[in-house]
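Trainee: This structure is in structure tokens; I'll ask about it shortly.
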Amino acid sequence: MLQIIKNKEISSRKKAAIHLAAIFLALLTASVFILFMGHPPLKVYLSMARGAFGTSYRFTETLIKTIPLIITSLGISLAFRMKFWNIGAEGQIIMGAFGASWVALSYPHLPSFVLLPLMGLGGLAGGGIWALIPAFFRARFQTNETIFTLMLNYIALQWITYLQNGPWKDPGALGFPKIPNFSPQAVLPKLFGIHIGWLIAFILVVLSALFITKTKKGYEIQVIGESEKTARYAGINVSRTILVTLFISGALCGLAGMIEASAINKTLSVEITGGVGYTAIITAWLANLKELRIVLVSFLFAAMIQGSSYIQMAFQIPQSAAQILQGLILFFVLGSEFFIRYRIVYRSRESGGGET
Amino acid sequence: MLSSFLHAAVIAGTPLVFAILGEILTERAGKLNLGVEGMMLMGAVVGFKTALLTSHPLWALFGAALAGAAGALIFSFLTVTLRSNQVVTGLALTIFGTGFASFLGQGLAGHIVPASVKDFFHPVALPVLSRIPFLGEALFHHSIFVYAGYIIIIAAYVYLFKTRFGLNLRALGENTAAADAAGINIMKYKFAHILSGGALIGLGGAFLSLVYVPTWQENITTGRGWIAVALVIFCKWNPIRIFWGAFLFGGLDIIGFRLQGLNIHISQYFFDMLPYIVTVIILIMTSVKDSKEKSPPAELGRPYFREDK
Amino acid sequence: MTLKPAPHETLIKTRNLTKRFGDVLANNAINFKVKKGEIYALLGENGAGKSTLMNMLSGVYTPDEGHIFVHGEKVFFKSPEDSIKHRIGMIYQHFKLIDVMTALENIIIGRKDGFFLRTKEIKKQVLSIADRYGLPLNPDKKVYDMSVGEKQTVEIMKVLYRGADILILDEPTAVLTPQEIQNLFSILRRMKNEGCGIIIITHKLNEVMEISDWVTVLRKGENVGSVKTSETTYRQLADLMVGRSLDLSIEHVEIQEKNPVLEVRHLVLEDDERIKKINDLSFTLFSGEILGVAGISGSGQRQLCEALAGLYPVASGIIKYEGRDIVGLSSRQIMDKGISMSFIPEDRLGMGLVASMDLTENVILKDYYRSPGPFVDRKKGLEKTLAIIEKFNIQTPGPFHPVKLLSGGNIQKVLLGREIMSEPHLLITAYPTRGLDIASSFLIYDFINKQKKKGVPILYVGEDLDVLLELCDRIMVLCDGKATGILESQNATKELLGLLMAGETLESVERMNAHASDH
């Protein structure tokens, strides 16, 4: 008969080993699918790696894809630490991009050093306010934030669709529904070959880590995440902390939106997020909400996405394969947590019983 | 005019009927499955592809139900057996399902459901009932799929409140430890209901791809899975209230399209936002007035381990 | 044991039943045997392994070693379902009832036959069983409308309906008033006469002496003795249970100088649905006094404590602390005004402590915000934590160990230590010894008495009437949010407290007594 026994503390090396085993199993499962489609799995994986790191261009592309993932994951983790299930990052990125684009399109002639910070503020405000709406209702009425934040994703998307087809439609695009491109001043400059977003991401990683581990607000967030009741008992203003934290969480996502709009798309469109808002939920979770691990996991996921767009060309495997792979990895890692928390022992029925 | 609007609302609401019902069964078993959107997509794409391959409607339905149940199997294996976090597991399922659907749906865009399948789901006027003035045409001149929705709502209601299995399921959702101590096989009940819930959710997706649209398009569910999760709250975990919830939202779904004909100068895109906005409003309203009898199954979202120490 | 009984007479027997949790040996080779028409007591203090044993008998846990024999047959329980099949009925201390359902629905959950519910038929069956055993039962009443005693009746009915002839009751008297306990005992005697075998699991010696035929004493998972109740004494059982001769009386400190510190006048507290949880409550708490609060659970104790600490909204009334009204202030404002109310909440890990955080992070929980600047001062926290660990003798691998991994007694000491180290001017504590063994409990009483000696006024919410009577200077009894009486401990008896807990008032009791002496 199998019995489940709770583990006490487990060494972090063992934890890492279990997680790596899970990822390996996920890749193995995926290879069965790949084999089923008539491709050699190892070759596919290798060319994925080539697609992500093979040339300096591809490597740069991978890094560029890492930037919004890091920033958004940071934002999401902040809310997740409070057990506020903010899955509205997608919408917060969109509204951040909207805020930044509004600035960029309204004041295209301002000099860069004025315009870009203003766009940043627009991004922060757009994402922050968008996250503040569900936060308010959760703090006030305990409204379920999961579905709320998700609905706001769809609303944000419809809003951009409206702008793109209506008031912001580029008259110069020959009837094609598209928002005009930004002026050159509204585009983020490059530093060492990659747009300056990487520096912003780097700074934010450090700030986030300091915020959570060192400040009083960070401590309060962790207490609330454990138990709202305890937080109240300790005299923490739970409602206000939820609002502040979610504003920051959304603002970070919004900033990712601003960076994408300014540095990559150079305009606003319905495809601005590229699904980052959802992928970042996975990366944040897999990184256990820890800042440094977020950097690592985001980079690996960016590589996977970049690599999968390469295998689409090489093997005609659809790019959505990356999404399936992400899902699989997450499934396996979620399942593997069980083996961190428990161990299974076998005991026969007759053991130690003596005679009947 | 109003009758034909109602008629269209019923059709638009039918995918929600199946999805809400599936999620009600899941949540009654104490699990909050946020993978509905993913499972609907899986059901939609498998149903559509099976229809193309077999040209047989029943195979298509079977495939869709199986796909939904497979998603639910992943979910319940992870959350029930391996005790993983329900919220994240549900999200993972949605991400996986979305990828799975777009993967399998590659190159299917623009294909049309085979004629044999189309015919099978062709609207049939029910004798006598369809002659009821006004409502008859709106409610009883539909595809067999829609009628299946009516029947299954009532069947689920009877099951839940009039049978001992339903009583045991409700007990489990309210107090798992008590149900366990009463000798109910917790594991069996959870798996059985989450899986059949998943099958229903898959069928909800198949309605979209086989009857409602009925061609393949990327992200065919457009958030209906999430709306279904929210509407479970609106329906207070009672199947009979799906009649209101699902068809009200069916109406919201098509109102923009209908009003366009009336020369009303509000952009189509705002009407497209309507179901999402109303969902949010319903969420807020239900959270503002909370009371004991209407509240969710008490064990919802809580893990249960018998031997935890 | 003494006689070798005919096999059919023995209902349940265990042989060398053993269970481990990690490195902890929760039950080691437990042997006992219950015959038809016997009431068997399993006696032991908290942590002795009683509930582990019970959970093995009911199929919740599977034993690591050893066997259970039921009706002469060797059994293996994989789940509670199996034990029910063998006609074992469990009545848990924390009732396993579904609040939103009726008594009848609760009784028929888990039935194995039929597809549709045949409610009418079943109701008839249930009522006839209730009649046979003399159980008062309203099958259509919802559980959330029931008193504790009524809930227990439903639990008993549940197992009888399933045909159980072996009943296991876990701490059945813990939440009952003395009068309800007498009712329960008469029901148990009736079942005994009907031929049932009954096991009661308890830590209350006087009840063991009163009701049981046999008693097995458990200590730290070991079976330390099995005796016939009629052949033993209270004293002998007490020594067996604790493992050494122990003075089981709690020190009572007398303080001469008493000034009113906290004055509560006409306090009304309402919950979200505007139901009154505390209704027109007035009392005064003096310095150097322990005021006990008695009452069946859910009588408004939690709301009262939380309101005093600024965590529960006050609908009307006054709470005056040293002459200042503190109604409407937040808990932090109450602390900041120089009023240090140390509130030890009911569920320590759900409210007073952050389970997965370490000791240091828990110690700073209530004063981290006082340090200047935006950063948390962990250095000071660490110093304080080390001081608490030393002063309260907390068993921990270190100050950075998560509190949830400590034992119950140590967790309680962390909480109490933090509150006492903050040098409170007023201490509010609810059930501070819940779940602790006797030695740890006495340590806690000691800490509380030390505070009292310093002149700190203490509000002590308790459930064990014996402890309340010994420890407190005065006892206030709550029933349905009203104070049915405030009396000096030395004038109180358990019976009197029981009547007050059930809703009688001092006046009505007096009238009853006068009436009785008239005849």
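Ligands are numbered from 1 in the order shown, residues from 1 within each chain, and chains are lettered A, B, ... in the order they appear in the structure tokens.
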Please, which residues of range 12-201 of chain A, numbered as in this document, come out alpha helix (DSSP H) from DSSP, as a PyMOL selection string?

Mentor: chain A and resi 12-36+41-53+56-81+89-106+112-141+145-165+197-201

Trainee: Name the residues in contact with Val187 in chain A at a cut-off of 9 Å, using only C-alpha atoms, excluding same-chain residues fewer than 6 positions from it; report them as a list of chain:residue names.

Mentor: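 Answer for this query is A:Ser112, A:Leu116, A:Ile259, A:Ala261, A:Ser262, A:Ala263, A:Ile264, A:Lys266.
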
Trainee: Based on the selection just made, write N, CA and C atoms of those residues as a compact mmCIF listing (two decimals), in the first residue's frame.

Mentor:
# COMPACT_ATOMS: atom_id res chain seq x y z
N SER A 112 13.51 64.18 -27.48
CA SER A 112 13.55 62.84 -26.87
C SER A 112 13.62 62.86 -25.35
N LEU A 116 10.44 60.92 -24.05
CA LEU A 116 10.55 59.53 -23.58
C LEU A 116 10.15 59.39 -22.10
N ILE A 259 7.72 50.21 -23.45
CA ILE A 259 8.99 49.83 -24.08
C ILE A 259 8.73 49.12 -25.41
N ALA A 261 6.05 49.34 -27.32
CA ALA A 261 5.50 50.26 -28.31
C ALA A 261 6.59 51.16 -28.87
N SER A 262 7.43 51.66 -27.95
CA SER A 262 8.42 52.65 -28.37
C SER A 262 9.59 52.00 -29.12
N ALA A 263 10.15 50.93 -28.55
CA ALA A 263 11.39 50.40 -29.10
C ALA A 263 11.16 49.38 -30.21
N ILE A 264 10.10 48.60 -30.12
CA ILE A 264 9.93 47.50 -31.06
C ILE A 264 8.94 47.85 -32.16
N LYS A 266 7.18 50.72 -32.60
CA LYS A 266 7.21 52.14 -32.96
C LYS A 266 5.83 52.66 -33.26

Trainee: Specify as a list in words all residues of chain B found within 7 Å of chain C, counting only C-alpha atoms.

Mentor: Lys162, Thr163, Arg164, Leu167, Asn168, Ala171, Glu174, Asn175, Ala177, Ala178, Asp180, Ala181, Ala182, Gly183, Ile184, Glu293, Arg306 and Glu307 of chain B

Trainee: With a distance cut-off of 12 Å and only C-alpha atoms, select the neighbouring residues of Phe315 in chain A, excluding the residue or stretch itself and same-chain residues fewer than 2 positions from it, and output the selection as a ChimeraX atom specification.

Mentor: /A:34,37-41,43-45,47-48,307-313,317-319,321

Trainee: Please indicate the distance in Å from CA of Gly225 in chain C to CA of Val242 in chain C, rounded to one decimal place.

Mentor: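 We find that CA of Gly225 in chain C and CA of Val242 in chain C lie 12.2 Å from each other.
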